[in-house]
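Enquirer: Here's a structure for you.
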Amino acid sequence: MATQQTIVDLDIYTNNNEKSDNYGKSFARIHYKEPVNLRGICLHIASHGSPYTVDTMEGVVKSVITATLEKITEGQGVKIDGFGTFRPTIENTPGGAESATDFNVEENVVGVHIRFIPENEKFERITSRKFLEKCILRKAYEVTYKTIRHKGKEVQVPVFSAIISEDKEP
């Protein structure tokens, strides 16, 4: 696998929320790229000289996914060494129940979520500032966002983008 640092393009945006203490200040976001699907990640692994076929890798990963979901539905977390742990969490109704006796699963549990906790072993840190050391960050685009309502929620959508860096090398 590749061990060199990779370039991560950033979108630079200005906070336009007049109620914010940070109004008018600029911040960065990772420039969005379309996610790589399972086949794409298997092709990427194969490009590094893996002895396994793309179909074999894809089959193994699909089996891991199926088994992980089975264990999570049983209430058990799954740790993938060197990557992280997937564990189930519960979303309760706001305010909860008045007491343990009053708690009703059908009424008080809104959903079950899967939480991912990245690996944090000594040599495998893929979190926060340690992960930052693996990346080269580069200002790439200046982006202006507009807040709109979508399906009852406020979301920000880009309305303008300008290239501010064309460097290909760090």
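For the structure tokens, the naming scheme is as follows: chains receive sequential letters (A, B, ...) according to their order of presentation, residues are indexed from 1 within each chain, and ligands are indexed from 1 in presentation order.
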May I have the residues within 12 Å of region 85-98 of chain A as a ChimeraX atom specification, using only C-alpha atoms and disregarding those fewer than 4 positions away in the same chain?
Expert: /A:64-65,67-81,102-121
Enquirer: So which bits of chain A end up helix (DSSP H, G or I) when you DSSP the backbone, as a VMD selection string?
Expert: chain A and resid 38 to 46 54 to 73 105 to 108 128 to 132
Enquirer: May I ask for the distance between CA of Ser50 (chain A) and CA of Glu133 (chain A), given in Å to one decimal place?
Expert: 25.9 Å
Enquirer: Mind the document's chain letters and residue numbers, and return as a PyMOL selection string the residues of region 109-149 of chain A that DSSP labels strand (DSSP E).
Expert: chain A and resi 109-118+135-149
Enquirer: Quick one: everything within 12 Å of Lys25 (chain A), counting only C-alpha atoms, minus sequence neighbours fewer than 6 positions away in the same chain. Send it as a PyMOL selection string.
Expert: chain A and resi 12-18
Enquirer: Any idea what's packed within 12 Å of Lys33 (chain A), counting only C-alpha atoms, ignoring anything in its chain fewer than 4 positions away? Could you give it as a list in words?
Expert: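 So, after excluding close chain neighbours, the residues are Val8, Asp9, Leu10, Asp11 and Arg29 of chain A.
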Enquirer: Write the residues of the preceding selection, restricted to all heavy atoms, as a compact mmCIF listing (two decimals), in the first residue's frame.
Expert:
```
# COMPACT_ATOMS: atom_id res chain seq x y z
N VAL A 8 -4.57 16.66 -0.07
CA VAL A 8 -6.01 16.79 0.19
C VAL A 8 -6.39 18.22 -0.14
O VAL A 8 -5.89 19.17 0.46
CB VAL A 8 -6.33 16.48 1.67
CG1 VAL A 8 -7.81 16.67 1.94
CG2 VAL A 8 -5.89 15.06 2.02
N ASP A 9 -7.26 18.39 -1.13
CA ASP A 9 -7.72 19.72 -1.53
C ASP A 9 -8.76 20.24 -0.54
O ASP A 9 -9.62 19.48 -0.07
CB ASP A 9 -8.34 19.69 -2.93
CG ASP A 9 -7.29 19.54 -4.02
OD1 ASP A 9 -6.12 19.91 -3.77
OD2 ASP A 9 -7.64 19.07 -5.12
N LEU A 10 -8.67 21.54 -0.26
CA LEU A 10 -9.58 22.18 0.68
C LEU A 10 -10.42 23.24 -0.02
O LEU A 10 -9.93 23.95 -0.89
CB LEU A 10 -8.79 22.85 1.81
CG LEU A 10 -7.88 21.96 2.64
CD1 LEU A 10 -7.11 22.80 3.64
CD2 LEU A 10 -8.68 20.88 3.34
N ASP A 11 -11.67 23.34 0.40
CA ASP A 11 -12.52 24.46 0.01
C ASP A 11 -12.41 25.49 1.13
O ASP A 11 -12.55 25.15 2.31
CB ASP A 11 -13.99 24.04 -0.10
CG ASP A 11 -14.27 23.13 -1.28
OD1 ASP A 11 -13.44 23.07 -2.19
OD2 ASP A 11 -15.34 22.48 -1.28
N ARG A 29 -12.93 23.35 4.51
CA ARG A 29 -13.63 22.06 4.46
C ARG A 29 -12.90 21.20 3.44
O ARG A 29 -12.32 21.71 2.49
CB ARG A 29 -15.07 22.22 3.97
CG ARG A 29 -15.97 22.93 4.92
CD ARG A 29 -17.39 22.98 4.37
NE ARG A 29 -18.26 23.62 5.34
CZ ARG A 29 -19.31 24.36 5.04
NH1 ARG A 29 -19.65 24.54 3.79
NH2 ARG A 29 -20.04 24.90 5.98
```
